[in-house]
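Peer 1: Provided herewith: run.txt, compact mmCIF, C-alpha atoms.
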# COMPACT_ATOMS: atom_id res chain seq x y z
CA MET K 781 136.60 25.09 -131.96
CA ALA K 782 139.54 26.26 -134.04
CA ASP K 783 139.22 29.63 -135.72
CA GLU K 784 140.39 28.32 -139.09
CA LYS K 785 137.43 25.93 -139.24
CA ILE K 786 134.98 28.82 -139.47
CA GLY K 787 134.75 30.50 -142.86
CA GLU K 788 135.08 34.26 -143.17
CA SER K 789 131.83 36.17 -143.44
CA ASP K 790 130.34 39.54 -142.56
CA PHE K 791 127.60 37.87 -140.52
CA TYR K 792 126.91 34.60 -138.73
CA ILE K 793 123.64 32.89 -137.80
CA THR K 794 123.27 30.05 -135.34
CA ALA K 795 120.30 27.72 -134.91
CA ASP K 796 119.83 24.67 -132.70
CA CYS K 797 120.59 21.41 -134.47
CA ASP K 798 117.35 19.72 -133.35
CA GLY K 799 115.46 21.40 -136.17
CA GLN K 800 113.01 23.31 -133.98
CA TYR K 801 113.44 26.60 -135.86
CA SER K 802 111.69 26.95 -139.20
CA PRO K 803 113.47 28.23 -142.34
CA GLU K 804 111.09 31.20 -142.30
CA ASP K 805 112.20 32.23 -138.81
CA ILE K 806 115.86 31.82 -139.71
CA GLU K 807 115.25 34.05 -142.73
CA LYS K 808 113.62 36.66 -140.46
CA VAL K 809 116.75 36.81 -138.32
CA ALA K 810 118.96 37.04 -141.41
CA LYS K 811 116.98 39.96 -142.84
CA GLU K 812 117.02 41.79 -139.52
CA LEU K 813 120.78 41.31 -139.28
CA LEU K 814 121.24 42.82 -142.74
CA GLU K 815 119.21 45.84 -141.65
CA ASN K 816 121.13 46.11 -138.36
CA PRO K 817 124.65 44.94 -139.26
CA ASP K 818 126.23 46.08 -135.98
CA CYS K 819 123.69 44.42 -133.69
CA PHE K 820 123.18 41.07 -132.03
CA VAL K 821 119.88 39.73 -133.38
CA LEU K 822 117.92 37.32 -131.21
CA GLY K 823 114.96 35.27 -132.33
CA VAL K 824 112.40 35.56 -129.54
CA ARG K 825 109.53 33.20 -128.83
CA THR K 826 106.43 34.41 -127.00
CA TYR K 827 104.89 31.91 -124.62
CA GLU K 828 101.28 32.49 -123.68
CA ARG K 829 99.76 31.46 -120.39
CA LYS K 830 97.24 29.00 -121.71
CA LYS K 831 96.36 25.35 -121.43
CA GLY K 832 99.16 23.04 -122.47
CA LYS K 833 101.79 25.79 -122.38
CA LYS K 834 101.76 26.95 -118.76
CA VAL K 835 104.99 25.13 -117.97
CA ARG K 836 106.82 26.85 -120.83
CA PHE K 837 105.31 30.19 -119.86
CA TRP K 838 106.41 29.99 -116.22
CA LEU K 839 109.78 28.50 -117.13
CA ASN K 840 110.52 31.34 -119.53
CA SER K 841 109.21 33.95 -117.06
CA CYS K 842 111.44 32.64 -114.28
CA GLN K 843 114.45 32.53 -116.55
CA LYS K 844 113.90 36.09 -117.78
CA LEU K 845 113.75 37.27 -114.17
CA PHE K 846 116.85 35.29 -113.20
CA PHE K 847 118.74 36.57 -116.24
CA ARG K 848 117.85 40.12 -115.28
CA ILE K 849 118.99 39.93 -111.67
CA THR K 850 122.27 38.23 -112.64
CA ASN K 851 123.07 40.66 -115.47
CA HIS K 852 122.91 44.16 -114.00
CA GLY K 853 119.21 44.49 -114.77
CA LYS K 854 119.64 43.85 -118.50
CA GLU K 855 116.53 42.29 -119.99
CA CYS K 856 116.38 39.40 -122.41
CA PRO K 857 112.93 38.18 -123.50
CA ASP K 858 114.13 34.67 -124.43
CA PRO K 859 117.52 33.68 -122.95
CA ARG K 860 117.12 30.07 -124.14
CA SER K 861 116.70 30.96 -127.80
CA GLY K 862 119.37 29.37 -129.97
CA LEU K 863 118.37 31.32 -133.07
CA ARG K 864 120.78 34.23 -133.23
CA GLY K 865 122.55 36.41 -135.74
CA PHE K 866 125.66 38.45 -135.08
CA PRO K 867 128.31 40.45 -136.98
CA ALA K 868 131.85 39.27 -137.69
CA SER K 869 133.10 41.52 -134.88
CA LEU K 870 131.71 38.96 -132.40
CA LYS K 871 133.23 35.92 -134.12
CA LYS K 872 136.28 35.79 -131.85
CA LEU K 873 134.08 36.16 -128.78
CA ALA K 874 131.86 33.31 -129.99
CA LEU K 875 134.88 31.04 -130.46
CA CYS K 876 136.51 31.94 -127.15
CA THR K 877 133.41 31.67 -124.97
CA GLU K 878 133.59 28.71 -122.62
CA GLY K 879 130.85 26.21 -121.86
CA LYS K 880 128.86 23.47 -123.51
CA SER K 881 125.35 23.31 -124.91
CA TYR K 882 122.95 25.71 -123.14
CA ASP K 883 125.70 26.81 -120.78
CA TYR K 884 127.72 28.03 -123.77
CA GLU K 885 124.70 29.74 -125.33
CA LEU K 886 123.98 31.70 -122.16
CA ASN K 887 127.63 32.63 -121.64
CA PHE K 888 127.90 33.90 -125.20
CA LEU K 889 124.63 35.83 -124.93
CA ASP K 890 125.78 37.33 -121.65
CA ALA K 891 129.11 38.44 -123.13
CA ALA K 892 127.64 39.64 -126.44
CA ILE K 893 125.04 41.97 -124.94
CA GLN K 894 127.81 43.70 -122.99
CA LYS K 895 129.48 44.66 -126.28
CA THR K 896 126.72 44.98 -128.87
CA PRO K 897 123.16 46.38 -129.03
CA VAL K 898 120.48 43.70 -129.11
CA VAL K 899 117.62 43.56 -131.61
CA VAL K 900 114.83 41.04 -131.08
CA VAL K 901 112.83 39.34 -133.81
CA PRO K 902 109.52 37.60 -132.98
CA ILE K 903 109.54 33.96 -134.07
CA SER K 904 107.15 31.06 -133.66
CA SER K 905 107.01 29.35 -130.28
CA GLU K 906 105.80 26.16 -131.94
CA THR K 907 108.36 23.41 -132.46
CA HIS K 908 109.13 22.92 -136.14
CA ASN K 909 107.59 19.74 -137.58
CA ILE K 910 110.94 18.23 -138.54
CA ASN K 911 111.55 17.49 -134.90
CA GLU K 912 108.69 17.87 -132.45
CA THR K 913 110.83 17.38 -129.38
CA SER K 914 113.42 19.64 -127.82
CA HIS K 915 116.65 18.47 -126.24
CA PHE K 916 116.14 20.96 -123.42
CA ARG K 917 115.95 19.38 -119.96
CA PRO K 918 114.35 22.00 -117.67
CA VAL K 919 116.07 21.18 -114.38
CA VAL K 920 119.44 19.84 -115.56
CA ASP K 921 120.00 22.41 -118.29
CA LEU K 922 118.84 25.40 -116.24
CA LEU K 923 121.29 24.41 -113.53
CA GLY K 924 123.99 24.10 -116.16
CA MET K 925 123.16 27.41 -117.83
CA TYR K 926 123.66 29.29 -114.58
CA LEU K 927 126.53 27.14 -113.35
CA LYS K 928 128.71 30.19 -112.70
CA PHE K 929 126.06 31.63 -110.39
CA TRP K 930 125.52 28.34 -108.54
CA LYS K 931 129.26 28.02 -108.00
CA TYR K 932 129.34 31.59 -106.71
CA LEU K 933 126.48 30.77 -104.34
CA PHE K 934 128.41 27.73 -103.09
CA THR K 935 131.70 29.60 -102.58
CA SER K 936 129.88 32.44 -100.81
CA ASN K 937 128.35 29.99 -98.36
CA VAL K 938 131.74 28.39 -97.75
CA ALA K 939 133.22 31.83 -97.02
CA THR K 940 130.31 32.53 -94.66
CA VAL K 941 131.06 29.34 -92.73
CA PHE K 942 134.71 30.40 -92.43
CA ASP K 943 133.55 33.80 -91.19
CA LEU K 944 131.35 32.31 -88.46
CA VAL K 945 133.90 29.71 -87.35
CA PHE K 946 136.77 32.18 -87.08
CA PHE K 947 134.54 34.77 -85.42
CA ILE K 948 133.83 32.26 -82.65
CA ILE K 949 137.54 31.42 -82.37
CA PHE K 950 138.74 35.03 -82.28
CA GLU K 951 135.95 36.17 -79.98
CA SER K 952 137.08 33.51 -77.53
CA LEU K 953 140.77 34.44 -77.90
CA PHE K 954 140.12 38.16 -77.38
CA SER K 955 137.44 37.80 -74.71
CA LYS K 956 139.66 39.57 -72.15
CA LEU K 957 139.41 42.76 -74.19
CA GLY K 958 135.80 43.19 -73.14
CA THR K 959 133.19 44.57 -75.53
CA ILE K 960 135.85 45.50 -78.09
CA SER K 961 136.53 41.78 -78.54
CA ILE K 962 133.47 41.50 -80.80
CA PHE K 963 134.77 44.25 -83.09
CA VAL K 964 138.27 42.75 -83.26
CA ALA K 965 136.92 39.24 -83.82
CA THR K 966 134.65 40.50 -86.60
CA ILE K 967 137.49 42.25 -88.45
CA CYS K 968 139.85 39.28 -88.15
CA ALA K 969 137.20 36.77 -89.20
CA ARG K 970 136.15 38.92 -92.17
CA ALA K 971 139.76 39.26 -93.31
CA ILE K 972 140.12 35.47 -93.40
CA SER K 973 136.72 34.78 -94.97
CA GLY K 974 137.35 37.51 -97.55
CA SER K 975 140.65 35.90 -98.54
CA VAL K 976 138.98 32.51 -98.78
CA GLY K 977 136.18 34.02 -100.85
CA TYR K 978 138.65 35.60 -103.27
CA ILE K 979 140.54 32.34 -103.81
CA LEU K 980 137.36 30.31 -104.29
CA ASN K 981 135.79 32.83 -106.65
CA ARG K 982 138.95 33.22 -108.71
CA TYR K 983 139.59 29.51 -109.19
CA ILE K 984 136.11 27.98 -108.92
CA SER K 985 133.31 30.47 -109.59
CA PHE K 986 134.86 32.54 -112.38
CA GLN K 987 137.95 30.45 -113.21
CA SER K 988 139.92 33.59 -113.95
CA LYS K 989 143.32 33.53 -115.64
CA LEU K 990 143.94 37.26 -115.43
CA ASN K 991 146.39 39.28 -113.35
CA PRO K 992 145.75 38.26 -109.71
CA GLY K 993 147.13 41.55 -108.41
CA ARG K 994 144.55 43.65 -110.23
CA GLU K 995 141.78 41.28 -109.22
CA MET K 996 142.85 41.29 -105.58
CA VAL K 997 142.71 45.10 -105.46
CA ARG K 998 139.28 45.20 -107.11
CA TYR K 999 137.98 42.37 -104.95
CA SER K 1000 139.16 44.14 -101.79
CA ILE K 1001 137.42 47.36 -102.84
CA VAL K 1002 134.15 45.53 -103.46
CA PHE K 1003 134.52 43.50 -100.26
CA VAL K 1004 135.01 46.59 -98.08
CA CYS K 1005 132.19 48.49 -99.82
CA GLN K 1006 129.85 45.55 -99.33
CA MET K 1007 130.59 45.42 -95.59
CA ALA K 1008 130.17 49.18 -95.25
CA ALA K 1009 126.94 49.23 -97.26
CA SER K 1010 125.47 46.40 -95.21
CA GLY K 1011 126.34 48.04 -91.90
CA ILE K 1012 125.17 51.52 -92.89
CA LEU K 1013 121.91 50.39 -94.49
CA VAL K 1014 120.99 48.09 -91.61
CA SER K 1015 121.71 50.90 -89.14
CA LEU K 1016 119.62 53.42 -91.09
CA LEU K 1017 116.70 51.02 -91.49
CA SER K 1018 116.79 49.79 -87.90
CA VAL K 1019 114.15 52.42 -87.06
CA ILE K 1020 111.61 50.47 -89.10
CA PRO K 1021 109.33 48.34 -86.87
CA ILE K 1022 110.74 45.12 -88.32
CA PRO K 1023 113.19 42.78 -86.57
CA THR K 1024 116.76 43.82 -87.39
CA VAL K 1025 117.61 40.26 -88.42
CA ILE K 1026 114.97 40.37 -91.15
CA VAL K 1027 116.15 43.79 -92.34
CA LYS K 1028 119.74 42.55 -92.50
CA ALA K 1029 118.69 39.38 -94.36
CA ILE K 1030 116.86 41.43 -97.02
CA ILE K 1031 119.71 43.92 -97.45
CA ASP K 1032 122.39 41.24 -97.59
CA THR K 1033 120.38 39.28 -100.16
CA ILE K 1034 120.12 42.34 -102.41
CA LEU K 1035 123.82 43.06 -101.94
CA PHE K 1036 124.61 39.44 -102.77
CA PHE K 1037 123.18 39.80 -106.28
CA VAL K 1038 124.70 43.26 -106.73
CA VAL K 1039 128.15 42.03 -105.75
CA TYR K 1040 127.80 38.96 -107.97
CA ASN K 1041 127.24 41.21 -110.98
CA ILE K 1042 130.14 43.46 -110.03
CA GLN K 1043 132.51 40.54 -109.59
CA LYS K 1044 131.42 38.95 -112.86
CA ASN K 1045 131.58 42.14 -114.91
CA TRP K 1046 134.42 44.04 -113.22
CA VAL K 1047 136.53 42.14 -110.70
CA PHE K 1048 137.05 38.99 -112.76
CA ALA K 1049 136.13 40.39 -116.19
CA GLU K 1050 138.56 40.51 -119.10
CA LYS K 1051 138.48 44.29 -119.39
Here is a file; write its structure as structure tokens.

Peer 2:
Amino acid sequence: MADEKIGESDFYITADCDGQYSPEDIEKVAKELLENPDCFVLGVRTYERKKGKKVRFWLNSCQKLFFRITNHGKECPDPRSGLRGFPASLKKLALCTEGKSYDYELNFLDAAIQKTPVVVVPISSETHNINETSHFRPVVDLLGMYLKFWKYLFTSNVATVFDLVFFIIFESLFSKLGTISIFVATICARAISGSVGYILNRYISFQSKLNPGREMVRYSIVFVCQMAASGILVSLLSVIPIPTVIVKAIIDTILFFVVYNIQKNWVFAEK
């Protein structure tokens, strides 16, 4: 979308084109934006756990949880809401944000809440009568909305495969070194898998176009800290009467989400 196609204004309001938001709700967001001119205003629907709406309730609950764990713990009561109001200071961000449909909406929301305070406005959860159906496809669109995360999950698994394969190769090559061969094989395999992970994350997961030197340094710092944290925490918690494999799996899963947020908001971020 070219910048010159958007008229100049102090504020902007977006609403889905399927007509599901009522004029009254749009007016609510507009009034709230006038009262909070420096905030990102989000129209929020409340889904109750009752007959006929359980699917929406659980879908929204799962998405709120997923949004939180992939955004440094930041909460958003209705990530799918397309009814939003924002100041002119976010216009450039809105135009430069990549993605299509719900993927774009989530990317813009994610970027906006990093820069601007969020104010929520309760709106009706009922579909407006003009159009009683939504274009939202639960499975397809949810996968698309979190495409960056799914790509990161894929590239992480690829890097893990590289790590295991090269560990086996190096452990065999250095077998004459005795017990130290495991340590050497681990370091060599991690160096290769880390390099593979950086390349895949830069060009596939986050599609970064920034300075590769800066990113490489930051990625290396995070990579080393992740390894150290995993080793230290597993060692400290090994006294718990739980199999070490389970302890490591839990710790590495937590670190996986932590590192994803750090890479998204620091390593490959435009700041």

Peer 1: Quote the spacing between atom CA of K:Lys1044 and atom CA of K:Val1014 in Å to one decimal place.

Peer 2: 25.4 Å

Peer 1: Check the smallest atom-to-atom distance from each of K:Pro867, K:Gly958, K:Pro1023, K:Pro859 to K:Glu788 using only C-alpha atoms, then report the winner.

Peer 2: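 Closest candidate: K:Pro867.
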
Peer 1: Taking into account all atoms listed in the file, which residue in the set K:Val1039, K:Ile949, K:Ala939, K:Ile1012 is nearest to K:Ile979?

Peer 2: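 Looking at the shortest contact to K:Ile979, the residue is K:Ala939.
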
Peer 1: Find the distance between atom CA of K:Ala892 and atom CA of K:Phe1003 and write it in Å to one decimal.

Peer 2: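 Computed distance, atom CA of K:Ala892 to atom CA of K:Phe1003, equals 27.3 Å.
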
Peer 1: Could you list as a list in words every residue that has an atom within 12 Å of (137.1, 42.4, -85.0), using the file's coordinates and counting all atoms listed in the file?

Peer 2: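 Residues with an atom close enough to that point: Asp943, Phe946, Phe947, Ile948, Ile949, Phe950, Glu951, Ser952, Leu953, Phe954, Ser955, Leu957, Gly958, Thr959, Ile960, Ser961, Ile962, Phe963, Val964, Ala965, Thr966, Ile967, Cys968, Ala969, Arg970, Ala971 and Ile972 of chain K.
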
Peer 1: Between K:Val1027, K:Cys797, K:Leu980, K:Ile1001, which has the minimum distance to K:Leu863 (counting all atoms listed in the file)?

Peer 2: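 Among the listed residues, K:Cys797 lies closest to K:Leu863.
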
Peer 1: What does the distance between atom CA of K:Ile984 and atom CA of K:Lys928 come to in Å, to one decimal place?

Peer 2: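 Value for the atom CA of K:Ile984-atom CA of K:Lys928 distance: 8.6 Å.
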
Peer 1: Measuring atom to atom with only C-alpha atoms, identify which of K:Ser1015, K:Asn1045, K:Thr1033, K:Ser861 is nearest to K:Ile903.

Peer 2: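 The answer is K:Ser861, which sits nearest to K:Ile903.
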